[in-house]
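Raw coords.txt, compact mmCIF, C-alpha atoms (C1' of nucleotides):
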# COMPACT_ATOMS: atom_id res chain seq x y z
CA MET A 1 -8.78 2.83 12.71
CA ALA A 2 -7.30 0.15 10.52
CA ARG A 3 -5.33 0.15 7.36
CA ALA A 4 -6.38 2.49 4.57
CA ARG A 5 -8.50 1.21 1.72
CA THR A 6 -6.69 0.04 -1.36
CA THR A 7 -9.26 2.03 -3.27
CA SER A 8 -8.52 5.24 -1.43
CA ASP A 9 -5.38 6.05 -3.25
CA VAL A 10 -3.23 5.18 -6.23
CA PHE A 11 -0.42 4.58 -3.79
CA ASN A 12 -2.47 1.98 -1.99
CA ALA A 13 -3.65 0.45 -5.23
CA ILE A 14 -0.18 -0.15 -6.60
CA ALA A 15 1.08 -1.55 -3.32
CA GLU A 16 -0.09 -4.95 -4.52
CA PRO A 17 2.45 -6.67 -6.82
CA ARG A 18 -0.16 -8.33 -8.99
CA ARG A 19 -1.84 -5.02 -9.55
CA ARG A 20 1.44 -3.55 -10.67
CA GLN A 21 1.91 -6.49 -12.98
CA ILE A 22 -1.46 -5.82 -14.56
CA LEU A 23 -0.54 -2.22 -15.16
CA GLU A 24 2.74 -3.26 -16.73
CA LEU A 25 0.95 -5.55 -19.13
CA LEU A 26 -1.59 -2.93 -20.03
CA ALA A 27 1.19 -0.46 -20.65
CA VAL A 28 3.01 -2.78 -23.02
CA ARG A 29 0.08 -4.22 -24.94
CA GLY A 30 -2.00 -1.08 -24.95
CA ALA A 31 -5.37 -2.54 -24.04
CA LEU A 32 -6.47 -5.99 -23.08
CA ALA A 33 -9.63 -7.94 -22.36
CA VAL A 34 -9.93 -9.54 -18.95
CA GLY A 35 -9.69 -13.02 -20.42
CA THR A 36 -6.38 -12.18 -22.02
CA LEU A 37 -5.05 -10.87 -18.76
CA VAL A 38 -6.18 -14.03 -17.03
CA VAL A 39 -4.19 -16.11 -19.49
CA LEU A 40 -1.14 -13.88 -19.44
CA LEU A 41 -1.03 -13.64 -15.68
CA GLY A 42 -1.97 -17.19 -14.91
CA HIS A 43 -4.10 -16.08 -12.00
CA PRO A 44 -7.71 -17.20 -11.56
CA GLN A 45 -10.27 -14.99 -13.26
CA SER A 46 -11.81 -14.13 -9.95
CA ALA A 47 -8.61 -12.61 -8.65
CA VAL A 48 -7.87 -10.71 -11.84
CA SER A 49 -11.33 -9.19 -11.89
CA LYS A 50 -11.04 -8.11 -8.30
CA HIS A 51 -7.69 -6.47 -8.84
CA LEU A 52 -9.03 -4.74 -11.90
CA GLY A 53 -11.88 -3.56 -9.74
CA VAL A 54 -9.48 -1.85 -7.38
CA LEU A 55 -7.54 -0.25 -10.19
CA ARG A 56 -10.81 0.88 -11.69
CA LYS A 57 -12.09 2.51 -8.51
CA VAL A 58 -8.86 4.41 -8.14
CA GLY A 59 -9.16 5.48 -11.73
CA VAL A 60 -5.85 4.21 -12.96
CA VAL A 61 -7.54 2.01 -15.54
CA ALA A 62 -10.61 2.49 -17.70
CA VAL A 63 -12.96 -0.07 -19.18
CA VAL A 64 -14.80 -0.33 -22.42
CA LYS A 65 -17.46 -2.92 -23.14
CA GLN A 66 -16.84 -4.77 -26.31
CA GLY A 67 -19.39 -7.44 -26.87
CA LYS A 68 -19.22 -9.73 -23.90
CA GLN A 69 -15.69 -8.77 -23.15
CA ARG A 70 -14.43 -5.75 -21.27
CA VAL A 71 -11.30 -4.18 -22.55
CA TYR A 72 -9.13 -2.41 -20.03
CA ARG A 73 -6.58 0.27 -20.69
CA ILE A 74 -4.41 2.44 -18.50
CA ASP A 75 -5.46 5.92 -17.57
CA ALA A 76 -1.99 7.17 -16.87
CA ALA A 77 -3.04 10.47 -15.36
CA HIS A 78 -3.37 8.86 -11.97
CA LEU A 79 -0.02 7.16 -12.22
CA LYS A 80 1.40 10.59 -12.83
CA THR A 81 0.42 11.35 -9.25
CA VAL A 82 2.91 8.78 -8.06
CA HIS A 83 5.51 9.94 -10.51
CA ASP A 84 5.14 13.52 -9.37
CA TRP A 85 5.60 12.44 -5.80
CA VAL A 86 8.83 10.48 -6.20
CA LYS A 87 10.32 12.79 -8.75
CA PRO A 88 11.53 15.40 -6.22
CA PHE A 89 13.48 12.72 -4.39
CA GLU A 90 15.41 12.09 -7.55
CA GLN A 91 18.08 14.58 -6.64
CA LEU A 92 18.82 12.60 -3.51
CA TRP A 93 20.27 9.72 -5.46
CA ASP A 94 21.06 11.36 -8.77
CA HIS A 95 23.99 13.31 -7.50
CA HIS A 96 26.56 11.88 -5.17
CA LEU A 97 24.93 13.66 -2.27
CA ALA A 98 26.49 11.34 0.21
CA ARG A 99 28.67 14.11 1.53
CA ILE A 100 25.84 16.58 1.75
CA LYS A 101 23.80 14.06 3.63
CA ALA A 102 26.54 13.59 6.15
CA LEU A 103 26.72 17.33 6.55
CA ALA A 104 23.03 17.62 7.14
CA GLU A 105 23.29 14.90 9.69
CA ARG A 106 25.80 16.79 11.73
CA ARG A 107 23.81 19.96 11.34
CA ALA A 108 20.70 18.18 12.57
CA GLN A 109 22.03 18.25 16.07
CA GLU A 110 22.03 21.99 16.57
CA GLN A 111 19.00 22.36 14.38
CA THR A 112 17.02 19.87 16.36
CA PHE A 113 15.16 22.77 17.92
CA VAL A 114 12.57 20.98 19.97
CA PRO A 115 10.24 23.89 20.92
CA ASN A 116 8.06 21.74 23.12
CA PRO A 117 10.10 18.77 24.28
CA GLN A 118 8.48 15.44 25.13
CA GLN A 119 5.05 16.04 23.87
CA GLN A 120 2.87 12.97 23.95
CA LYS A 121 -0.22 14.49 22.44
CA GLY A 122 -0.23 16.51 19.24
CA PRO A 123 -1.09 20.22 19.40
CA SER A 124 -4.63 21.31 18.70
CA MET B 1 -3.85 -14.88 2.61
CA ALA B 2 -4.37 -11.33 3.73
CA ARG B 3 -2.88 -8.06 2.74
CA ALA B 4 0.87 -7.83 2.22
CA ARG B 5 3.11 -6.51 4.96
CA THR B 6 3.87 -2.82 4.89
CA THR B 7 7.42 -3.85 5.55
CA SER B 8 7.60 -6.15 2.56
CA ASP B 9 8.02 -3.46 0.02
CA VAL B 10 8.72 0.20 -0.51
CA PHE B 11 5.45 0.36 -2.39
CA ASN B 12 3.60 -0.88 0.63
CA ALA B 13 5.52 1.38 2.95
CA ILE B 14 4.66 4.56 1.07
CA ALA B 15 1.02 3.61 0.77
CA GLU B 16 0.48 5.31 4.10
CA PRO B 17 0.05 9.11 3.79
CA ARG B 18 1.77 9.88 7.07
CA ARG B 19 4.75 7.85 6.02
CA ARG B 20 4.95 9.82 2.82
CA GLN B 21 4.74 13.00 4.83
CA ILE B 22 7.67 11.89 6.93
CA LEU B 23 9.73 11.22 3.84
CA GLU B 24 8.86 14.62 2.45
CA LEU B 25 10.02 16.31 5.62
CA LEU B 26 13.23 14.32 5.70
CA ALA B 27 13.88 15.21 2.09
CA VAL B 28 13.49 18.90 2.71
CA ARG B 29 15.27 19.21 6.03
CA GLY B 30 17.92 16.65 5.31
CA ALA B 31 17.90 14.78 8.60
CA LEU B 32 15.74 15.05 11.69
CA ALA B 33 15.50 13.65 15.18
CA VAL B 34 12.31 11.83 16.09
CA GLY B 35 11.31 14.56 18.52
CA THR B 36 11.50 17.15 15.80
CA LEU B 37 9.35 15.05 13.53
CA VAL B 38 6.83 14.64 16.31
CA VAL B 39 6.55 18.40 16.64
CA LEU B 40 6.47 19.07 12.92
CA LEU B 41 3.88 16.42 12.21
CA GLY B 42 1.75 16.95 15.26
CA HIS B 43 1.22 13.23 15.64
CA PRO B 44 1.83 11.39 18.91
CA GLN B 45 5.35 10.13 19.39
CA SER B 46 4.15 6.58 19.49
CA ALA B 47 2.73 6.79 16.00
CA VAL B 48 5.72 8.58 14.54
CA SER B 49 8.11 5.99 15.93
CA LYS B 50 6.05 3.17 14.53
CA HIS B 51 5.92 4.70 11.09
CA LEU B 52 9.64 5.29 11.23
CA GLY B 53 9.97 1.66 12.14
CA VAL B 54 8.24 0.61 8.95
CA LEU B 55 10.30 2.94 6.82
CA ARG B 56 13.40 1.63 8.53
CA LYS B 57 12.60 -2.01 7.91
CA VAL B 58 12.04 -1.31 4.26
CA GLY B 59 15.32 0.54 4.17
CA VAL B 60 14.05 3.83 2.87
CA VAL B 61 15.37 5.64 5.93
CA ALA B 62 18.48 5.18 8.03
CA VAL B 63 19.08 6.04 11.66
CA VAL B 64 22.03 7.38 13.55
CA LYS B 65 22.18 7.54 17.32
CA GLN B 66 23.14 10.92 18.57
CA GLY B 67 23.12 11.03 22.32
CA LYS B 68 19.66 10.05 23.38
CA GLN B 69 18.16 11.14 20.14
CA ARG B 70 17.98 9.20 16.91
CA VAL B 71 18.46 11.16 13.77
CA TYR B 72 16.74 9.84 10.69
CA ARG B 73 17.64 10.53 7.11
CA ILE B 74 16.38 9.27 3.78
CA ASP B 75 18.11 6.47 1.96
CA ALA B 76 16.82 7.40 -1.44
CA ALA B 77 18.07 4.29 -3.20
CA HIS B 78 14.91 2.46 -2.27
CA LEU B 79 12.69 5.27 -3.44
CA LYS B 80 14.45 4.96 -6.73
CA THR B 81 12.76 1.59 -7.02
CA VAL B 82 9.41 3.32 -7.15
CA HIS B 83 10.69 5.95 -9.48
CA ASP B 84 12.06 3.36 -11.86
CA TRP B 85 8.74 1.62 -11.88
CA VAL B 86 6.53 4.59 -12.76
CA LYS B 87 9.01 6.17 -15.10
CA PRO B 88 8.18 3.92 -18.08
CA PHE B 89 4.55 4.94 -17.84
CA GLU B 90 5.60 8.51 -18.38
CA GLN B 91 5.19 8.27 -22.12
CA LEU B 92 1.55 7.40 -21.63
CA TRP B 93 0.72 10.86 -20.41
CA ASP B 94 3.63 12.90 -21.66
CA HIS B 95 2.58 12.91 -25.26
CA HIS B 96 -0.99 13.32 -26.40
CA LEU B 97 -1.28 9.60 -26.86
CA ALA B 98 -5.03 9.72 -26.72
CA ARG B 99 -5.27 8.78 -30.35
CA ILE B 100 -2.83 5.95 -30.03
CA LYS B 101 -4.74 4.62 -27.09
CA ALA B 102 -7.92 4.59 -29.07
CA LEU B 103 -6.12 2.74 -31.79
CA ALA B 104 -4.83 0.12 -29.41
CA GLU B 105 -8.31 -0.29 -28.08
CA ARG B 106 -9.69 -1.16 -31.46
CA ARG B 107 -6.78 -3.42 -32.13
CA ALA B 108 -7.41 -5.22 -28.87
CA GLN B 109 -10.42 -6.93 -30.33
CA GLU B 110 -8.64 -8.98 -32.94
CA GLN B 111 -5.62 -9.34 -30.75
CA THR B 112 -7.63 -10.69 -27.89
CA PHE B 113 -6.37 -14.18 -28.72
CA VAL B 114 -7.78 -16.21 -25.90
CA PRO B 115 -5.95 -19.53 -26.32
CA ASN B 116 -7.79 -21.27 -23.53
CA PRO B 117 -11.14 -19.56 -23.07
CA GLN B 118 -12.88 -19.59 -19.71
CA GLN B 119 -10.14 -20.86 -17.51
CA GLN B 120 -11.01 -20.80 -13.85
CA LYS B 121 -7.79 -22.22 -12.48
CA GLY B 122 -4.35 -20.93 -13.36
CA PRO B 123 -1.89 -23.23 -15.17
CA SER B 124 0.65 -25.24 -13.18
C1' DA C 1 21.92 5.27 42.39
C1' DT C 2 17.98 7.82 40.80
C1' DA C 3 15.42 10.81 38.07
C1' DT C 4 14.54 12.58 33.56
C1' DT C 5 14.44 12.63 28.72
C1' DA C 6 14.05 10.38 23.97
C1' DT C 7 12.37 6.48 21.53
C1' DA C 8 10.90 1.96 20.68
C1' DG C 9 7.85 -1.68 21.47
C1' DT C 10 3.68 -4.15 23.35
C1' DC C 11 -1.30 -4.98 23.98
C1' DC C 12 -5.89 -4.11 22.47
C1' DG C 13 -9.65 -3.49 19.20
C1' DA C 14 -11.86 -2.21 14.79
C1' DT C 15 -11.22 -2.81 10.11
C1' DA C 16 -9.79 -3.92 5.41
C1' DT C 17 -7.89 -6.90 3.08
C1' DG C 18 -6.77 -10.96 -0.73
C1' DG C 19 -7.48 -15.66 -2.13
C1' DG C 20 -10.68 -19.57 -3.33
C1' DA C 21 -15.14 -21.25 -4.37
C1' DA C 22 -19.44 -20.46 -5.76
C1' DT C 23 -22.78 -17.53 -7.69
C1' DA C 24 -24.83 -13.61 -10.08
C1' DT C 25 -25.01 -10.64 -14.16
C1' DG C 26 -24.68 -9.60 -18.85
C1' DT C 27 -24.18 -10.67 -23.77
C1' DC C 28 -24.44 -13.20 -27.80
C1' DA C 29 -25.78 -17.54 -30.34
C1' DA C 30 -28.92 -21.26 -31.86
C1' DT D 1 -36.25 -19.54 -24.86
C1' DT D 2 -32.23 -21.91 -23.74
C1' DG D 3 -27.41 -22.27 -23.49
C1' DA D 4 -22.67 -21.00 -23.59
C1' DC D 5 -19.32 -17.64 -22.67
C1' DA D 6 -17.00 -13.39 -20.26
C1' DT D 7 -16.83 -10.85 -16.03
C1' DA D 8 -18.11 -9.19 -11.72
C1' DT D 9 -19.52 -9.99 -7.11
C1' DT D 10 -20.45 -12.34 -2.74
C1' DC D 11 -19.03 -15.37 1.20
C1' DC D 12 -15.83 -17.02 4.30
C1' DC D 13 -11.43 -16.77 6.68
C1' DA D 14 -6.66 -15.95 8.11
C1' DT D 15 -3.95 -12.09 8.59
C1' DA D 16 -1.85 -7.52 8.90
C1' DT D 17 -2.63 -3.49 9.93
C1' DC D 18 -3.08 1.58 12.50
C1' DG D 19 -4.14 4.17 16.44
C1' DG D 20 -4.20 4.88 21.49
C1' DA D 21 -2.52 3.92 25.99
C1' DC D 22 0.92 2.11 28.44
C1' DT D 23 5.40 0.13 29.27
C1' DA D 24 10.26 -0.98 28.35
C1' DT D 25 14.83 0.47 27.11
C1' DA D 26 18.64 3.56 26.57
C1' DA D 27 21.29 7.64 27.50
C1' DT D 28 22.21 11.76 30.28
C1' DA D 29 22.01 14.54 34.25
C1' DT D 30 22.09 15.23 39.29
Encoded form using structure tokens:
Amino acid sequence: MARARTTSDVFNAIAEPRRRQILELLAVRGALAVGTLVVLLGHPQSAVSKHLGVLRKVGVVAVVKQGKQRVYRIDAAHLKTVHDWVKPFEQLWDHHLARIKALAERRAQEQTFVPNPQQQKGPS
Amino acid sequence: MARARTTSDVFNAIAEPRRRQILELLAVRGALAVGTLVVLLGHPQSAVSKHLGVLRKVGVVAVVKQGKQRVYRIDAAHLKTVHDWVKPFEQLWDHHLARIKALAERRAQEQTFVPNPQQQKGPS
DNA sequence: ATATTATAGTCCGATATGGGAATATGTCAA
DNA sequence: TTGACATATTCCCATATCGGACTATAATAT
């Protein structure tokens, strides 16, 4: 098996910096035609279209034909997926949990509970 | 150029589902030795170690030697990067912005302002 | 010193990029 | 119809995986 498809997941889709940049622009300006994005980003049209293609397949952006242009806008629902995932980690940096972390670290030793030590293959 | 390194970015690091799973476990249990993770995840030790390696290089986890075990814990600061990035998009789904989106879409037409139409190569 | 345990790292192979160039498709205009 | 414009798609290629099997390294026990 190789690396996962960029179109398999929002997480994979936003791993690419340029794709994130596109989303940022769409968020700020509301909706943009490909040509506008090409100008704003300064990347070749080919690249922009391909990135938009990935974002489209994942569902994080939606298109609307408008004459010969295609206007893209964000479909934030899928970004919410990412948000919902990181959100729970918030507490780990929000509060000064440094001390609690240290505590957990010490506790990890006794808790290590390795039921089946040195197991090379996963269980059925 | 090919795909970006998984170690280049937190975004790239968390693109992998198993890596996300590891972070979830570490968040809940506080800190865990590799062996424990191997058991909990059911993946071969080799794979777990490699994923931990990626997370380590990105800085989202930290290790502490404890005898012959290595106890990993989350270093949430780097996850905050992701959080800070998606956060601004929150408003796009929080409120029923459907109408506003539609408005922006219509507005996009006039606003399309393509200063240099059909530009295959990016500017210097 | 030697064996054992806990992890990390290497080698291999199949696969999915992402960029550039060129081309295809689709839409409107004359 | 023919042509120009806006986008999407295809080709080619260098590269970075991810998993599995195996090996190397480190720490502890005997």
Near chain B, which residues of chain C fall within 8 Å when you count all atoms listed in the file, and what do they look like as an MDAnalysis selection string?
chainID C and resid 5:8 17:19
Restricting the calculation to only C-alpha atoms (C1' of nucleotides): of D:DT10, D:DA27, D:DT2, D:DC22, which residue gets closest to chain B?
D:DA27
Could the residues of chain D within 7 Å of chain B, counting all atoms listed in the file, be given as a PyMOL selection string, please?
chain D and resi 14-16+27
To one decimal place, how far is CA of Ser8 (chain B) from CA of Pro17 (chain A) in Å?
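About the pair CA of Ser8 (chain B) and CA of Pro17 (chain A): they are 10.7 Å apart.
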When distances are computed from all atoms listed in the file, which of A:His78, A:Gly42, A:Gln91, A:Arg73 shows the smallest separation from Val28 (chain A)?
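Using all atoms listed in the file, Val28 (chain A) sits closest to A:Arg73.
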Could you give me the axis-aligned bounding box of region 8-26 of chain C, with 3 Å of padding per side, as centre plus edge lengths in Å to one decimal, as JSON?
{"center_x": -7.1, "center_y": -9.6, "center_z": 2.6, "size_x": 41.9, "size_y": 29.2, "size_z": 48.8}
Quick one: of B:Asp84, B:Leu40, B:Ala15, B:Leu52, who's nearest to chain A, counting only C-alpha atoms?
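With only C-alpha atoms as the atom set, the closest residue is B:Ala15.
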What would region 45-76 of chain A look like with N, CA and C atoms in place, written as a PDB file, keeping the file's coordinate frame?
ATOM      1  N   GLN A  45      -9.471 -16.119 -12.764  1.00  0.00           N
ATOM      2  CA  GLN A  45     -10.270 -14.990 -13.260  1.00  0.00           C
ATOM      3  C   GLN A  45     -10.817 -14.149 -12.126  1.00  0.00           C
ATOM      4  N   SER A  46     -11.238 -14.840 -11.091  1.00  0.00           N
ATOM      5  CA  SER A  46     -11.810 -14.130  -9.950  1.00  0.00           C
ATOM      6  C   SER A  46     -10.841 -13.086  -9.402  1.00  0.00           C
ATOM      7  N   ALA A  47      -9.616 -13.510  -9.213  1.00  0.00           N
ATOM      8  CA  ALA A  47      -8.610 -12.610  -8.650  1.00  0.00           C
ATOM      9  C   ALA A  47      -8.331 -11.433  -9.583  1.00  0.00           C
ATOM     10  N   VAL A  48      -8.169 -11.755 -10.859  1.00  0.00           N
ATOM     11  CA  VAL A  48      -7.870 -10.710 -11.840  1.00  0.00           C
ATOM     12  C   VAL A  48      -8.978  -9.656 -11.846  1.00  0.00           C
ATOM     13  N   SER A  49     -10.200 -10.120 -11.866  1.00  0.00           N
ATOM     14  CA  SER A  49     -11.330  -9.190 -11.890  1.00  0.00           C
ATOM     15  C   SER A  49     -11.336  -8.299 -10.654  1.00  0.00           C
ATOM     16  N   LYS A  50     -11.026  -8.906  -9.523  1.00  0.00           N
ATOM     17  CA  LYS A  50     -11.040  -8.110  -8.300  1.00  0.00           C
ATOM     18  C   LYS A  50      -9.938  -7.057  -8.309  1.00  0.00           C
ATOM     19  N   HIS A  51      -8.786  -7.437  -8.772  1.00  0.00           N
ATOM     20  CA  HIS A  51      -7.690  -6.470  -8.840  1.00  0.00           C
ATOM     21  C   HIS A  51      -8.037  -5.348  -9.823  1.00  0.00           C
ATOM     22  N   LEU A  52      -8.630  -5.744 -10.926  1.00  0.00           N
ATOM     23  CA  LEU A  52      -9.030  -4.740 -11.900  1.00  0.00           C
ATOM     24  C   LEU A  52     -10.056  -3.803 -11.276  1.00  0.00           C
ATOM     25  N   GLY A  53     -10.880  -4.381 -10.419  1.00  0.00           N
ATOM     26  CA  GLY A  53     -11.880  -3.560  -9.740  1.00  0.00           C
ATOM     27  C   GLY A  53     -11.234  -2.468  -8.905  1.00  0.00           C
ATOM     28  N   VAL A  54     -10.194  -2.831  -8.196  1.00  0.00           N
ATOM     29  CA  VAL A  54      -9.480  -1.850  -7.380  1.00  0.00           C
ATOM     30  C   VAL A  54      -8.860  -0.771  -8.254  1.00  0.00           C
ATOM     31  N   LEU A  55      -8.191  -1.198  -9.281  1.00  0.00           N
ATOM     32  CA  LEU A  55      -7.540  -0.250 -10.190  1.00  0.00           C
ATOM     33  C   LEU A  55      -8.577   0.677 -10.826  1.00  0.00           C
ATOM     34  N   ARG A  56      -9.741   0.104 -11.074  1.00  0.00           N
ATOM     35  CA  ARG A  56     -10.810   0.880 -11.690  1.00  0.00           C
ATOM     36  C   ARG A  56     -11.302   1.955 -10.724  1.00  0.00           C
ATOM     37  N   LYS A  57     -11.568   1.557  -9.490  1.00  0.00           N
ATOM     38  CA  LYS A  57     -12.090   2.510  -8.510  1.00  0.00           C
ATOM     39  C   LYS A  57     -11.130   3.659  -8.283  1.00  0.00           C
ATOM     40  N   VAL A  58      -9.859   3.359  -8.331  1.00  0.00           N
ATOM     41  CA  VAL A  58      -8.860   4.410  -8.140  1.00  0.00           C
ATOM     42  C   VAL A  58      -8.757   5.281  -9.395  1.00  0.00           C
ATOM     43  N   GLY A  59      -9.156   4.708 -10.500  1.00  0.00           N
ATOM     44  CA  GLY A  59      -9.160   5.480 -11.730  1.00  0.00           C
ATOM     45  C   GLY A  59      -7.938   5.304 -12.600  1.00  0.00           C
ATOM     46  N   VAL A  60      -7.093   4.376 -12.212  1.00  0.00           N
ATOM     47  CA  VAL A  60      -5.850   4.210 -12.960  1.00  0.00           C
ATOM     48  C   VAL A  60      -6.040   3.352 -14.213  1.00  0.00           C
ATOM     49  N   VAL A  61      -7.204   2.729 -14.304  1.00  0.00           N
ATOM     50  CA  VAL A  61      -7.540   2.010 -15.540  1.00  0.00           C
ATOM     51  C   VAL A  61      -8.974   2.369 -15.935  1.00  0.00           C
ATOM     52  N   ALA A  62      -9.273   2.208 -17.200  1.00  0.00           N
ATOM     53  CA  ALA A  62     -10.610   2.490 -17.700  1.00  0.00           C
ATOM     54  C   ALA A  62     -11.101   1.281 -18.477  1.00  0.00           C
ATOM     55  N   VAL A  63     -12.399   1.088 -18.489  1.00  0.00           N
ATOM     56  CA  VAL A  63     -12.960  -0.070 -19.180  1.00  0.00           C
ATOM     57  C   VAL A  63     -13.821   0.354 -20.344  1.00  0.00           C
ATOM     58  N   VAL A  64     -13.909  -0.532 -21.305  1.00  0.00           N
ATOM     59  CA  VAL A  64     -14.800  -0.330 -22.420  1.00  0.00           C
ATOM     60  C   VAL A  64     -15.441  -1.664 -22.762  1.00  0.00           C
ATOM     61  N   LYS A  65     -16.773  -1.682 -22.785  1.00  0.00           N
ATOM     62  CA  LYS A  65     -17.460  -2.920 -23.140  1.00  0.00           C
ATOM     63  C   LYS A  65     -17.281  -3.170 -24.624  1.00  0.00           C
ATOM     64  N   GLN A  66     -17.013  -4.407 -24.917  1.00  0.00           N
ATOM     65  CA  GLN A  66     -16.840  -4.770 -26.310  1.00  0.00           C
ATOM     66  C   GLN A  66     -17.442  -6.156 -26.480  1.00  0.00           C
ATOM     67  N   GLY A  67     -18.708  -6.161 -26.808  1.00  0.00           N
ATOM     68  CA  GLY A  67     -19.390  -7.440 -26.870  1.00  0.00           C
ATOM     69  C   GLY A  67     -19.486  -7.965 -25.469  1.00  0.00           C
ATOM     70  N   LYS A  68     -19.169  -9.226 -25.269  1.00  0.00           N
ATOM     71  CA  LYS A  68     -19.220  -9.730 -23.900  1.00  0.00           C
ATOM     72  C   LYS A  68     -17.902  -9.559 -23.172  1.00  0.00           C
ATOM     73  N   GLN A  69     -16.955  -8.984 -23.836  1.00  0.00           N
ATOM     74  CA  GLN A  69     -15.690  -8.770 -23.150  1.00  0.00           C
ATOM     75  C   GLN A  69     -15.611  -7.334 -22.647  1.00  0.00           C
ATOM     76  N   ARG A  70     -14.686  -7.114 -21.726  1.00  0.00           N
ATOM     77  CA  ARG A  70     -14.430  -5.750 -21.270  1.00  0.00           C
ATOM     78  C   ARG A  70     -12.948  -5.493 -21.469  1.00  0.00           C
ATOM     79  N   VAL A  71     -12.687  -4.514 -22.229  1.00  0.00           N
ATOM     80  CA  VAL A  71     -11.300  -4.180 -22.550  1.00  0.00           C
ATOM     81  C   VAL A  71     -10.805  -3.078 -21.622  1.00  0.00           C
ATOM     82  N   TYR A  72      -9.714  -3.372 -20.968  1.00  0.00           N
ATOM     83  CA  TYR A  72      -9.130  -2.410 -20.030  1.00  0.00           C
ATOM     84  C   TYR A  72      -7.935  -1.709 -20.654  1.00  0.00           C
ATOM     85  N   ARG A  73      -7.781  -0.455 -20.265  1.00  0.00           N
ATOM     86  CA  ARG A  73      -6.580   0.270 -20.690  1.00  0.00           C
ATOM     87  C   ARG A  73      -6.160   1.166 -19.531  1.00  0.00           C
ATOM     88  N   ILE A  74      -4.933   1.594 -19.573  1.00  0.00           N
ATOM     89  CA  ILE A  74      -4.410   2.440 -18.500  1.00  0.00           C
ATOM     90  C   ILE A  74      -4.889   3.876 -18.670  1.00  0.00           C
ATOM     91  N   ASP A  75      -5.192   4.491 -17.550  1.00  0.00           N
ATOM     92  CA  ASP A  75      -5.460   5.920 -17.570  1.00  0.00           C
ATOM     93  C   ASP A  75      -4.315   6.550 -16.772  1.00  0.00           C
ATOM     94  N   ALA A  76      -3.275   6.826 -17.500  1.00  0.00           N
ATOM     95  CA  ALA A  76      -1.990   7.170 -16.870  1.00  0.00           C
ATOM     96  C   ALA A  76      -2.009   8.401 -15.973  1.00  0.00           C
TER      97      ALA A  76
END
